[in-house]
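S.K.: To be precise about what I am sending: the file is called final-v1.cif and holds mmCIF, N, CA and C atoms.
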data_entry
loop_
_atom_site.label_atom_id
_atom_site.label_comp_id
_atom_site.auth_asym_id
_atom_site.auth_seq_id
_atom_site.Cartn_x
_atom_site.Cartn_y
_atom_site.Cartn_z
N MET E 1 0.84 -1.17 0.00
CA MET E 1 0.00 0.00 0.00
C MET E 1 0.89 1.24 0.00
N ALA E 2 0.49 2.23 -0.76
CA ALA E 2 1.27 3.46 -0.86
C ALA E 2 1.12 4.29 0.41
N LYS E 3 2.15 5.02 0.69
CA LYS E 3 2.16 5.88 1.88
C LYS E 3 2.12 7.33 1.43
N ALA E 4 1.26 8.11 2.03
CA ALA E 4 1.24 9.54 1.73
C ALA E 4 2.51 10.16 2.30
N ALA E 5 3.03 11.09 1.58
CA ALA E 5 4.23 11.78 2.03
C ALA E 5 3.90 12.65 3.23
N VAL E 6 4.95 13.08 3.90
CA VAL E 6 4.78 13.98 5.03
C VAL E 6 4.03 15.23 4.58
N ASN E 7 4.26 15.65 3.35
CA ASN E 7 3.58 16.83 2.82
C ASN E 7 2.17 16.50 2.35
N GLY E 8 1.72 15.25 2.54
CA GLY E 8 0.36 14.84 2.18
C GLY E 8 0.18 14.47 0.73
N LYS E 9 1.23 14.51 -0.07
CA LYS E 9 1.10 14.22 -1.50
C LYS E 9 1.48 12.77 -1.81
N ARG E 10 0.91 12.28 -2.90
CA ARG E 10 1.22 10.95 -3.42
C ARG E 10 1.38 11.03 -4.93
N LEU E 11 2.09 10.07 -5.47
CA LEU E 11 2.17 9.94 -6.92
C LEU E 11 0.98 9.09 -7.34
N ILE E 12 0.06 9.68 -8.07
CA ILE E 12 -1.17 9.02 -8.48
C ILE E 12 -1.02 8.60 -9.95
N VAL E 13 -1.32 7.33 -10.24
CA VAL E 13 -1.25 6.80 -11.60
C VAL E 13 -2.67 6.52 -12.08
N THR E 14 -3.03 7.06 -13.24
CA THR E 14 -4.32 6.81 -13.86
C THR E 14 -4.06 6.17 -15.22
N PRO E 15 -4.06 4.83 -15.27
CA PRO E 15 -3.69 4.11 -16.50
C PRO E 15 -4.53 4.48 -17.72
N ASP E 16 -5.83 4.77 -17.53
CA ASP E 16 -6.69 5.10 -18.67
C ASP E 16 -6.25 6.37 -19.41
N ARG E 17 -5.50 7.21 -18.75
CA ARG E 17 -5.02 8.45 -19.37
C ARG E 17 -3.69 8.26 -20.11
N CYS E 18 -3.01 7.18 -19.84
CA CYS E 18 -1.68 6.96 -20.42
C CYS E 18 -1.77 6.61 -21.90
N THR E 19 -0.96 7.28 -22.71
CA THR E 19 -0.92 7.02 -24.15
C THR E 19 0.37 6.30 -24.57
N SER E 20 1.16 5.91 -23.61
CA SER E 20 2.46 5.26 -23.86
C SER E 20 3.42 6.17 -24.63
N CYS E 21 3.33 7.47 -24.40
CA CYS E 21 4.25 8.40 -25.06
C CYS E 21 5.66 8.30 -24.47
N ARG E 22 5.76 7.77 -23.26
CA ARG E 22 7.01 7.57 -22.54
C ARG E 22 7.71 8.87 -22.13
N THR E 23 6.96 9.97 -22.12
CA THR E 23 7.51 11.24 -21.66
C THR E 23 7.94 11.14 -20.20
N CYS E 24 7.19 10.37 -19.41
CA CYS E 24 7.54 10.19 -17.99
C CYS E 24 8.90 9.52 -17.86
N GLU E 25 9.15 8.52 -18.68
CA GLU E 25 10.44 7.83 -18.65
C GLU E 25 11.57 8.77 -19.04
N LEU E 26 11.32 9.57 -20.05
CA LEU E 26 12.33 10.53 -20.51
C LEU E 26 12.63 11.58 -19.44
N ALA E 27 11.58 12.11 -18.82
CA ALA E 27 11.75 13.12 -17.77
C ALA E 27 12.55 12.54 -16.60
N CYS E 28 12.22 11.33 -16.21
CA CYS E 28 12.94 10.66 -15.12
C CYS E 28 14.40 10.44 -15.49
N SER E 29 14.61 10.01 -16.69
CA SER E 29 15.95 9.73 -17.19
C SER E 29 16.84 10.97 -17.15
N PHE E 30 16.29 12.10 -17.56
CA PHE E 30 17.07 13.33 -17.55
C PHE E 30 17.25 13.89 -16.14
N ARG E 31 16.23 13.73 -15.30
CA ARG E 31 16.32 14.24 -13.92
C ARG E 31 17.43 13.52 -13.14
N HIS E 32 17.58 12.22 -13.39
CA HIS E 32 18.54 11.44 -12.61
C HIS E 32 19.87 11.23 -13.32
N GLY E 33 20.02 11.77 -14.50
CA GLY E 33 21.27 11.63 -15.23
C GLY E 33 22.20 12.81 -15.02
N ALA E 34 23.25 12.82 -15.79
CA ALA E 34 24.21 13.92 -15.79
C ALA E 34 24.01 14.72 -17.07
N PRO E 35 24.57 15.92 -17.16
CA PRO E 35 24.44 16.68 -18.40
C PRO E 35 24.89 15.85 -19.61
N ASN E 36 24.03 15.84 -20.62
CA ASN E 36 24.28 15.09 -21.86
C ASN E 36 24.42 13.58 -21.64
N ARG E 37 23.91 13.10 -20.50
CA ARG E 37 24.02 11.67 -20.21
C ARG E 37 22.80 11.22 -19.40
N PRO E 38 21.68 10.95 -20.08
CA PRO E 38 20.49 10.52 -19.36
C PRO E 38 20.74 9.20 -18.62
N ALA E 39 20.00 9.00 -17.55
CA ALA E 39 20.10 7.77 -16.76
C ALA E 39 18.98 6.82 -17.16
N VAL E 40 19.04 5.61 -16.67
CA VAL E 40 17.95 4.66 -16.87
C VAL E 40 16.77 5.15 -16.04
N PRO E 41 15.57 5.21 -16.63
CA PRO E 41 14.43 5.71 -15.86
C PRO E 41 14.09 4.78 -14.70
N ARG E 42 13.51 5.36 -13.67
CA ARG E 42 13.16 4.61 -12.46
C ARG E 42 11.69 4.22 -12.45
N LEU E 43 11.03 4.37 -13.58
CA LEU E 43 9.68 3.89 -13.78
C LEU E 43 9.58 3.36 -15.19
N ARG E 44 8.55 2.58 -15.46
CA ARG E 44 8.40 1.96 -16.78
C ARG E 44 6.95 2.06 -17.24
N THR E 45 6.78 2.24 -18.54
CA THR E 45 5.47 2.24 -19.16
C THR E 45 5.35 0.98 -20.00
N PHE E 46 4.26 0.27 -19.82
CA PHE E 46 4.02 -0.95 -20.58
C PHE E 46 2.73 -0.82 -21.36
N ASP E 47 2.75 -1.21 -22.62
CA ASP E 47 1.58 -1.19 -23.48
C ASP E 47 1.09 -2.62 -23.61
N PHE E 48 -0.06 -2.92 -22.99
CA PHE E 48 -0.61 -4.27 -23.00
C PHE E 48 -1.65 -4.48 -24.08
N GLY E 49 -2.06 -3.43 -24.75
CA GLY E 49 -2.99 -3.57 -25.86
C GLY E 49 -4.45 -3.74 -25.49
N GLY E 50 -4.80 -3.79 -24.23
CA GLY E 50 -6.21 -3.96 -23.83
C GLY E 50 -6.51 -3.09 -22.63
N PRO E 51 -7.78 -2.85 -22.36
CA PRO E 51 -8.12 -1.94 -21.27
C PRO E 51 -7.64 -2.44 -19.92
N PRO E 52 -7.00 -1.65 -19.04
CA PRO E 52 -6.37 -0.42 -19.52
C PRO E 52 -5.19 -0.78 -20.42
N LYS E 53 -5.11 -0.08 -21.50
CA LYS E 53 -4.10 -0.40 -22.50
C LYS E 53 -2.69 -0.18 -22.00
N ASN E 54 -2.49 0.86 -21.26
CA ASN E 54 -1.15 1.23 -20.81
C ASN E 54 -1.07 1.23 -19.29
N VAL E 55 0.04 0.76 -18.77
CA VAL E 55 0.25 0.72 -17.33
C VAL E 55 1.61 1.33 -17.02
N ILE E 56 1.63 2.22 -16.05
CA ILE E 56 2.88 2.83 -15.59
C ILE E 56 3.23 2.16 -14.27
N LEU E 57 4.43 1.61 -14.20
CA LEU E 57 4.87 0.96 -12.97
C LEU E 57 6.00 1.77 -12.34
N THR E 58 5.82 2.07 -11.07
CA THR E 58 6.83 2.79 -10.31
C THR E 58 6.73 2.33 -8.86
N CYS E 59 7.65 2.75 -8.05
CA CYS E 59 7.68 2.36 -6.65
C CYS E 59 6.41 2.83 -5.94
N PHE E 60 5.82 1.93 -5.14
CA PHE E 60 4.62 2.26 -4.38
C PHE E 60 4.94 2.95 -3.06
N GLN E 61 6.23 3.06 -2.70
CA GLN E 61 6.62 3.68 -1.43
C GLN E 61 5.84 3.03 -0.29
N CYS E 62 5.87 1.71 -0.24
CA CYS E 62 5.08 0.90 0.69
C CYS E 62 5.24 1.32 2.15
N ASP E 63 4.16 1.20 2.91
CA ASP E 63 4.21 1.49 4.35
C ASP E 63 5.17 0.55 5.06
N ASP E 64 5.02 -0.74 4.82
CA ASP E 64 5.88 -1.75 5.44
C ASP E 64 6.74 -2.37 4.33
N ALA E 65 7.70 -1.62 3.86
CA ALA E 65 8.46 -1.99 2.66
C ALA E 65 9.44 -3.13 2.90
N ALA E 66 9.29 -4.17 2.09
CA ALA E 66 10.18 -5.34 2.18
C ALA E 66 11.62 -4.93 1.90
N CYS E 67 11.82 -4.00 0.98
CA CYS E 67 13.18 -3.58 0.63
C CYS E 67 13.90 -2.98 1.85
N VAL E 68 13.17 -2.21 2.62
CA VAL E 68 13.74 -1.59 3.82
C VAL E 68 14.06 -2.66 4.86
N ARG E 69 13.14 -3.59 5.04
CA ARG E 69 13.32 -4.64 6.06
C ARG E 69 14.54 -5.52 5.80
N VAL E 70 14.85 -5.81 4.52
CA VAL E 70 15.93 -6.75 4.24
C VAL E 70 17.30 -6.11 4.10
N CYS E 71 17.37 -4.81 4.01
CA CYS E 71 18.67 -4.15 3.81
C CYS E 71 19.55 -4.37 5.04
N PRO E 72 20.71 -5.03 4.85
CA PRO E 72 21.57 -5.34 5.99
C PRO E 72 22.34 -4.14 6.55
N VAL E 73 22.35 -3.01 5.81
CA VAL E 73 23.14 -1.86 6.25
C VAL E 73 22.30 -0.59 6.41
N THR E 74 20.99 -0.73 6.43
CA THR E 74 20.06 0.39 6.58
C THR E 74 20.32 1.49 5.54
N ALA E 75 20.49 1.06 4.29
CA ALA E 75 20.73 2.02 3.21
C ALA E 75 19.44 2.54 2.60
N LEU E 76 18.33 1.92 2.92
CA LEU E 76 17.02 2.38 2.45
C LEU E 76 16.27 2.97 3.64
N VAL E 77 15.93 4.24 3.51
CA VAL E 77 15.23 4.95 4.60
C VAL E 77 14.11 5.80 4.02
N ARG E 78 13.11 6.09 4.84
CA ARG E 78 12.02 6.94 4.40
C ARG E 78 12.39 8.40 4.63
N SER E 79 12.24 9.21 3.61
CA SER E 79 12.51 10.64 3.71
C SER E 79 11.46 11.30 4.59
N GLY E 80 11.90 12.05 5.56
CA GLY E 80 10.98 12.80 6.42
C GLY E 80 10.29 13.92 5.67
N GLU E 81 10.87 14.36 4.58
CA GLU E 81 10.32 15.47 3.81
C GLU E 81 9.27 15.02 2.80
N THR E 82 9.55 13.94 2.06
CA THR E 82 8.66 13.52 0.98
C THR E 82 7.90 12.24 1.28
N GLY E 83 8.35 11.45 2.24
CA GLY E 83 7.74 10.16 2.51
C GLY E 83 8.25 9.06 1.61
N ALA E 84 9.09 9.40 0.64
CA ALA E 84 9.63 8.40 -0.28
C ALA E 84 10.72 7.58 0.40
N ILE E 85 10.83 6.34 0.01
CA ILE E 85 11.94 5.51 0.46
C ILE E 85 13.10 5.83 -0.47
N VAL E 86 14.21 6.24 0.11
CA VAL E 86 15.37 6.65 -0.67
C VAL E 86 16.56 5.76 -0.36
N VAL E 87 17.47 5.67 -1.33
CA VAL E 87 18.70 4.90 -1.16
C VAL E 87 19.81 5.84 -0.71
N LEU E 88 20.40 5.53 0.42
CA LEU E 88 21.56 6.29 0.89
C LEU E 88 22.80 5.64 0.26
N GLU E 89 23.26 6.22 -0.82
CA GLU E 89 24.34 5.60 -1.59
C GLU E 89 25.60 5.38 -0.76
N ARG E 90 25.86 6.25 0.20
CA ARG E 90 27.08 6.10 1.00
C ARG E 90 27.03 4.85 1.87
N ARG E 91 25.82 4.34 2.15
CA ARG E 91 25.66 3.13 2.96
C ARG E 91 25.49 1.86 2.11
N CYS E 92 24.93 2.00 0.92
CA CYS E 92 24.60 0.84 0.09
C CYS E 92 25.86 0.05 -0.26
N ILE E 93 25.77 -1.28 -0.08
CA ILE E 93 26.92 -2.15 -0.41
C ILE E 93 26.68 -2.93 -1.69
N GLY E 94 25.55 -2.68 -2.35
CA GLY E 94 25.28 -3.32 -3.63
C GLY E 94 24.96 -4.79 -3.56
N CYS E 95 24.44 -5.26 -2.44
CA CYS E 95 24.17 -6.69 -2.28
C CYS E 95 22.97 -7.16 -3.09
N GLY E 96 22.04 -6.26 -3.41
CA GLY E 96 20.87 -6.60 -4.22
C GLY E 96 19.72 -7.21 -3.44
N SER E 97 19.84 -7.32 -2.13
CA SER E 97 18.75 -7.89 -1.33
C SER E 97 17.45 -7.13 -1.52
N CYS E 98 17.52 -5.82 -1.59
CA CYS E 98 16.33 -5.00 -1.75
C CYS E 98 15.63 -5.28 -3.08
N ALA E 99 16.41 -5.45 -4.13
CA ALA E 99 15.85 -5.73 -5.45
C ALA E 99 15.12 -7.07 -5.46
N VAL E 100 15.69 -8.04 -4.80
CA VAL E 100 15.07 -9.36 -4.72
C VAL E 100 13.80 -9.30 -3.86
N ALA E 101 13.82 -8.52 -2.80
CA ALA E 101 12.70 -8.46 -1.85
C ALA E 101 11.50 -7.69 -2.37
N CYS E 102 11.70 -6.74 -3.27
CA CYS E 102 10.58 -5.92 -3.75
C CYS E 102 9.61 -6.80 -4.55
N PRO E 103 8.37 -6.97 -4.06
CA PRO E 103 7.42 -7.83 -4.77
C PRO E 103 6.93 -7.23 -6.08
N PHE E 104 7.24 -5.97 -6.33
CA PHE E 104 6.77 -5.30 -7.53
C PHE E 104 7.89 -5.06 -8.55
N GLY E 105 9.11 -5.48 -8.22
CA GLY E 105 10.23 -5.33 -9.14
C GLY E 105 10.61 -3.89 -9.40
N GLN E 106 10.47 -3.03 -8.41
CA GLN E 106 10.71 -1.61 -8.63
C GLN E 106 12.04 -1.10 -8.11
N ILE E 107 12.96 -2.02 -7.79
CA ILE E 107 14.32 -1.63 -7.44
C ILE E 107 15.24 -2.39 -8.38
N GLU E 108 16.18 -1.67 -8.93
CA GLU E 108 17.18 -2.28 -9.81
C GLU E 108 18.56 -1.98 -9.26
N MET E 109 19.51 -2.76 -9.70
CA MET E 109 20.89 -2.50 -9.33
C MET E 109 21.55 -1.74 -10.48
N ASP E 110 22.13 -0.61 -10.16
CA ASP E 110 22.82 0.20 -11.17
C ASP E 110 24.08 -0.55 -11.59
N PRO E 111 24.19 -0.91 -12.88
CA PRO E 111 25.33 -1.70 -13.34
C PRO E 111 26.66 -0.94 -13.34
N VAL E 112 26.61 0.37 -13.29
CA VAL E 112 27.83 1.17 -13.27
C VAL E 112 28.26 1.46 -11.83
N LYS E 113 27.34 1.99 -11.04
CA LYS E 113 27.66 2.33 -9.65
C LYS E 113 27.64 1.11 -8.72
N LEU E 114 26.98 0.03 -9.17
CA LEU E 114 26.81 -1.18 -8.36
C LEU E 114 26.08 -0.89 -7.05
N LEU E 115 25.07 -0.04 -7.15
CA LEU E 115 24.24 0.35 -6.01
C LEU E 115 22.77 0.22 -6.38
N ALA E 116 21.91 0.16 -5.37
CA ALA E 116 20.47 0.09 -5.62
C ALA E 116 19.99 1.40 -6.23
N ARG E 117 18.96 1.28 -7.09
CA ARG E 117 18.37 2.44 -7.76
C ARG E 117 16.86 2.28 -7.74
N LYS E 118 16.14 3.32 -7.30
CA LYS E 118 14.68 3.27 -7.26
C LYS E 118 14.12 4.68 -7.31
N CYS E 119 12.82 4.77 -7.48
CA CYS E 119 12.15 6.07 -7.48
C CYS E 119 12.29 6.73 -6.11
N ASP E 120 12.66 7.99 -6.12
CA ASP E 120 12.79 8.76 -4.88
C ASP E 120 11.86 9.98 -4.89
N LEU E 121 10.89 9.96 -5.81
CA LEU E 121 9.95 11.07 -6.00
C LEU E 121 10.67 12.38 -6.30
N CYS E 122 11.87 12.29 -6.81
CA CYS E 122 12.65 13.47 -7.21
C CYS E 122 12.72 14.52 -6.11
N GLY E 123 12.83 14.05 -4.89
CA GLY E 123 12.93 14.99 -3.77
C GLY E 123 11.68 15.79 -3.52
N GLY E 124 10.54 15.32 -3.98
CA GLY E 124 9.27 16.01 -3.76
C GLY E 124 8.77 16.77 -4.97
N ASP E 125 9.44 16.64 -6.10
CA ASP E 125 9.02 17.29 -7.34
C ASP E 125 9.22 16.30 -8.49
N PRO E 126 8.39 15.23 -8.54
CA PRO E 126 8.60 14.17 -9.53
C PRO E 126 8.52 14.67 -10.98
N ALA E 127 9.62 14.51 -11.69
CA ALA E 127 9.69 14.96 -13.08
C ALA E 127 8.68 14.22 -13.94
N CYS E 128 8.43 12.95 -13.65
CA CYS E 128 7.49 12.15 -14.45
C CYS E 128 6.11 12.80 -14.45
N ALA E 129 5.65 13.24 -13.29
CA ALA E 129 4.33 13.87 -13.18
C ALA E 129 4.34 15.27 -13.79
N ALA E 130 5.40 16.00 -13.57
CA ALA E 130 5.47 17.38 -14.09
C ALA E 130 5.40 17.43 -15.62
N PHE E 131 5.94 16.41 -16.28
CA PHE E 131 5.99 16.43 -17.74
C PHE E 131 4.97 15.53 -18.42
N CYS E 132 4.12 14.85 -17.67
CA CYS E 132 3.11 13.97 -18.28
C CYS E 132 2.05 14.82 -18.98
N PRO E 133 1.96 14.72 -20.31
CA PRO E 133 1.03 15.59 -21.04
C PRO E 133 -0.44 15.26 -20.83
N THR E 134 -0.76 14.05 -20.39
CA THR E 134 -2.16 13.66 -20.22
C THR E 134 -2.58 13.56 -18.75
N LYS E 135 -1.67 13.87 -17.85
CA LYS E 135 -1.92 13.77 -16.40
C LYS E 135 -2.22 12.33 -15.97
N ALA E 136 -1.60 11.38 -16.67
CA ALA E 136 -1.70 9.97 -16.24
C ALA E 136 -0.91 9.79 -14.95
N LEU E 137 0.06 10.65 -14.75
CA LEU E 137 0.83 10.70 -13.49
C LEU E 137 0.62 12.08 -12.89
N GLU E 138 0.19 12.09 -11.64
CA GLU E 138 0.00 13.35 -10.93
C GLU E 138 0.58 13.22 -9.54
N TYR E 139 1.15 14.29 -9.06
CA TYR E 139 1.69 14.33 -7.70
C TYR E 139 0.83 15.30 -6.93
N ARG E 140 -0.08 14.74 -6.16
CA ARG E 140 -1.02 15.61 -5.41
C ARG E 140 -1.38 14.98 -4.09
#
Now, as a test, write the supplied structure out as structure tokens.

M.R.:
Amino acid sequence: MAKAAVNGKRLIVTPDRCTSCRTCELACSFRHGAPNRPAVPRLRTFDFGGPPKNVILTCFQCDDAACVRVCPVTALVRSGETGAIVVLERRCIGCGSCAVACPFGQIEMDPVKLLARKCDLCGGDPACAAFCPTKALEYR
């Protein structure tokens, strides 16, 4: 179950509005990348061809998150500001336990940094929602 942020906002997904334009993926990629070097997006759009035709998958920021429970070094913590579960890179040892534990497959291991990577709600200003032309993703 999703947890409302301390600021009372949540990332709301409305699949019926999604057109699979992938603007959300692009916005995420640029937000988390370096200049002239986009990163792998932390959410995915899937086109299933039937109602709802398109589905956007991203971290649910679970109340009782399995990823947090299994981390042996407490590298996954909930942000007091946004309510998002964030990866503290300085603590992460790259064991991958969190990725295995997530029942929704929303944590990946960064193949370059060898650290966990997941949605962090962009520090309270999710680029995916800001740039979604159909409001299939909203942060409210």

S.K.: Please report, as a VMD selection string, each residue of segment 4-97 of chain E to which DSSP assigns helix (DSSP H, G or I) when run on this structure's backbone.

M.R.: chain E and resid 15 to 17 23 to 32 66 to 70 97

S.K.: Could you list, as number ranges by chain, every residue matched by the PyMOL selection byres (((chain E and resi 14-31 and name CA) around 8) and name CA) in this structure?

M.R.: E: 12-13, 32-34, 37-47, 51-56, 122, 126-129, 131-137

S.K.: Selection from above, N, CA and C atoms, as an mmCIF file, in the frame of the given file, can you write it?

M.R.:
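Output (out39.cif):
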data_model
loop_
_atom_site.group_PDB
_atom_site.id
_atom_site.type_symbol
_atom_site.label_atom_id
_atom_site.label_comp_id
_atom_site.auth_asym_id
_atom_site.auth_seq_id
_atom_site.Cartn_x
_atom_site.Cartn_y
_atom_site.Cartn_z
ATOM 1 N N ILE E 12 0.060 9.680 -8.070
ATOM 2 C CA ILE E 12 -1.170 9.020 -8.480
ATOM 3 C C ILE E 12 -1.020 8.600 -9.950
ATOM 4 N N VAL E 13 -1.320 7.330 -10.240
ATOM 5 C CA VAL E 13 -1.250 6.800 -11.600
ATOM 6 C C VAL E 13 -2.670 6.520 -12.080
ATOM 7 N N HIS E 32 17.580 12.220 -13.390
ATOM 8 C CA HIS E 32 18.540 11.440 -12.610
ATOM 9 C C HIS E 32 19.870 11.230 -13.320
ATOM 10 N N GLY E 33 20.020 11.770 -14.500
ATOM 11 C CA GLY E 33 21.270 11.630 -15.230
ATOM 12 C C GLY E 33 22.200 12.810 -15.020
ATOM 13 N N ALA E 34 23.250 12.820 -15.790
ATOM 14 C CA ALA E 34 24.210 13.920 -15.790
ATOM 15 C C ALA E 34 24.010 14.720 -17.070
ATOM 16 N N ARG E 37 23.910 13.100 -20.500
ATOM 17 C CA ARG E 37 24.020 11.670 -20.210
ATOM 18 C C ARG E 37 22.800 11.220 -19.400
ATOM 19 N N PRO E 38 21.680 10.950 -20.080
ATOM 20 C CA PRO E 38 20.490 10.520 -19.360
ATOM 21 C C PRO E 38 20.740 9.200 -18.620
ATOM 22 N N ALA E 39 20.000 9.000 -17.550
ATOM 23 C CA ALA E 39 20.100 7.770 -16.760
ATOM 24 C C ALA E 39 18.980 6.820 -17.160
ATOM 25 N N VAL E 40 19.040 5.610 -16.670
ATOM 26 C CA VAL E 40 17.950 4.660 -16.870
ATOM 27 C C VAL E 40 16.770 5.150 -16.040
ATOM 28 N N PRO E 41 15.570 5.210 -16.630
ATOM 29 C CA PRO E 41 14.430 5.710 -15.860
ATOM 30 C C PRO E 41 14.090 4.780 -14.700
ATOM 31 N N ARG E 42 13.510 5.360 -13.670
ATOM 32 C CA ARG E 42 13.160 4.610 -12.460
ATOM 33 C C ARG E 42 11.690 4.220 -12.450
ATOM 34 N N LEU E 43 11.030 4.370 -13.580
ATOM 35 C CA LEU E 43 9.680 3.890 -13.780
ATOM 36 C C LEU E 43 9.580 3.360 -15.190
ATOM 37 N N ARG E 44 8.550 2.580 -15.460
ATOM 38 C CA ARG E 44 8.400 1.960 -16.780
ATOM 39 C C ARG E 44 6.950 2.060 -17.240
ATOM 40 N N THR E 45 6.780 2.240 -18.540
ATOM 41 C CA THR E 45 5.470 2.240 -19.160
ATOM 42 C C THR E 45 5.350 0.980 -20.000
ATOM 43 N N PHE E 46 4.260 0.270 -19.820
ATOM 44 C CA PHE E 46 4.020 -0.950 -20.580
ATOM 45 C C PHE E 46 2.730 -0.820 -21.360
ATOM 46 N N ASP E 47 2.750 -1.210 -22.620
ATOM 47 C CA ASP E 47 1.580 -1.190 -23.480
ATOM 48 C C ASP E 47 1.090 -2.620 -23.610
ATOM 49 N N PRO E 51 -7.780 -2.850 -22.360
ATOM 50 C CA PRO E 51 -8.120 -1.940 -21.270
ATOM 51 C C PRO E 51 -7.640 -2.440 -19.920
ATOM 52 N N PRO E 52 -7.000 -1.650 -19.040
ATOM 53 C CA PRO E 52 -6.370 -0.420 -19.520
ATOM 54 C C PRO E 52 -5.190 -0.780 -20.420
ATOM 55 N N LYS E 53 -5.110 -0.080 -21.500
ATOM 56 C CA LYS E 53 -4.100 -0.400 -22.500
ATOM 57 C C LYS E 53 -2.690 -0.180 -22.000
ATOM 58 N N ASN E 54 -2.490 0.860 -21.260
ATOM 59 C CA ASN E 54 -1.150 1.230 -20.810
ATOM 60 C C ASN E 54 -1.070 1.230 -19.290
ATOM 61 N N VAL E 55 0.040 0.760 -18.770
ATOM 62 C CA VAL E 55 0.250 0.720 -17.330
ATOM 63 C C VAL E 55 1.610 1.330 -17.020
ATOM 64 N N ILE E 56 1.630 2.220 -16.050
ATOM 65 C CA ILE E 56 2.880 2.830 -15.590
ATOM 66 C C ILE E 56 3.230 2.160 -14.270
ATOM 67 N N CYS E 122 11.870 12.290 -6.810
ATOM 68 C CA CYS E 122 12.650 13.470 -7.210
ATOM 69 C C CYS E 122 12.720 14.520 -6.110
ATOM 70 N N PRO E 126 8.390 15.230 -8.540
ATOM 71 C CA PRO E 126 8.600 14.170 -9.530
ATOM 72 C C PRO E 126 8.520 14.670 -10.980
ATOM 73 N N ALA E 127 9.620 14.510 -11.690
ATOM 74 C CA ALA E 127 9.690 14.960 -13.080
ATOM 75 C C ALA E 127 8.680 14.220 -13.940
ATOM 76 N N CYS E 128 8.430 12.950 -13.650
ATOM 77 C CA CYS E 128 7.490 12.150 -14.450
ATOM 78 C C CYS E 128 6.110 12.800 -14.450
ATOM 79 N N ALA E 129 5.650 13.240 -13.290
ATOM 80 C CA ALA E 129 4.330 13.870 -13.180
ATOM 81 C C ALA E 129 4.340 15.270 -13.790
ATOM 82 N N PHE E 131 5.940 16.410 -16.280
ATOM 83 C CA PHE E 131 5.990 16.430 -17.740
ATOM 84 C C PHE E 131 4.970 15.530 -18.420
ATOM 85 N N CYS E 132 4.120 14.850 -17.670
ATOM 86 C CA CYS E 132 3.110 13.970 -18.280
ATOM 87 C C CYS E 132 2.050 14.820 -18.980
ATOM 88 N N PRO E 133 1.960 14.720 -20.310
ATOM 89 C CA PRO E 133 1.030 15.590 -21.040
ATOM 90 C C PRO E 133 -0.440 15.260 -20.830
ATOM 91 N N THR E 134 -0.760 14.050 -20.390
ATOM 92 C CA THR E 134 -2.160 13.660 -20.220
ATOM 93 C C THR E 134 -2.580 13.560 -18.750
ATOM 94 N N LYS E 135 -1.670 13.870 -17.850
ATOM 95 C CA LYS E 135 -1.920 13.770 -16.400
ATOM 96 C C LYS E 135 -2.220 12.330 -15.970
ATOM 97 N N ALA E 136 -1.600 11.380 -16.670
ATOM 98 C CA ALA E 136 -1.700 9.970 -16.240
ATOM 99 C C ALA E 136 -0.910 9.790 -14.950
ATOM 100 N N LEU E 137 0.060 10.650 -14.750
ATOM 101 C CA LEU E 137 0.830 10.700 -13.490
ATOM 102 C C LEU E 137 0.620 12.080 -12.890
#

S.K.: With the file shown as input, list the residues that the PyMOL selection byres ((chain E and resi 70-83) around 8) selects, as a VMD selection string.

M.R.: chain E and resid 3 to 9 61 to 62 65 to 69 84 to 93 96 to 98 101 120 to 121 123 to 125

S.K.: Using Å and a single decimal, report how far atom N of Arg140 of chain E sits from atom C of Met109 of chain E.

M.R.: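 For atom C of Met109 of chain E relative to atom N of Arg140 of chain E, the distance reads 27.5 Å.
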
S.K.: I need the residues in chain E that are strand (DSSP E) according to DSSP; give them as a ChimeraX atom specification.

M.R.: /E:11-13,44-47,54-57,76-78,85-87,108-109,116-117,137-139

S.K.: One decimal, in Å: what's the spacing between atom CA of Arg10 of chain E and atom CA of Val100 of chain E?

M.R.: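 Answer for the atom CA of Arg10 of chain E to atom CA of Val100 of chain E separation: 24.6 Å.
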
S.K.: Taking all atoms of segment 104-115 of chain E that the file lists, what box with edges along x, y and z, padded by 8 Å per side, do you get, with centre and edge lengths in Å to one decimal, as AutoDock Vina command-line options?

M.R.:
--center_x 17.5 --center_y -1.8 --center_z -9.7 --size_x 37.5 --size_y 24.3 --size_z 23.3

S.K.: State, in Å with one decimal place, the distance from atom N of Lys118 of chain E to atom N of Gly49 of chain E.

M.R.: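 One can read the atom N of Lys118 of chain E to atom N of Gly49 of chain E distance as 26.1 Å.
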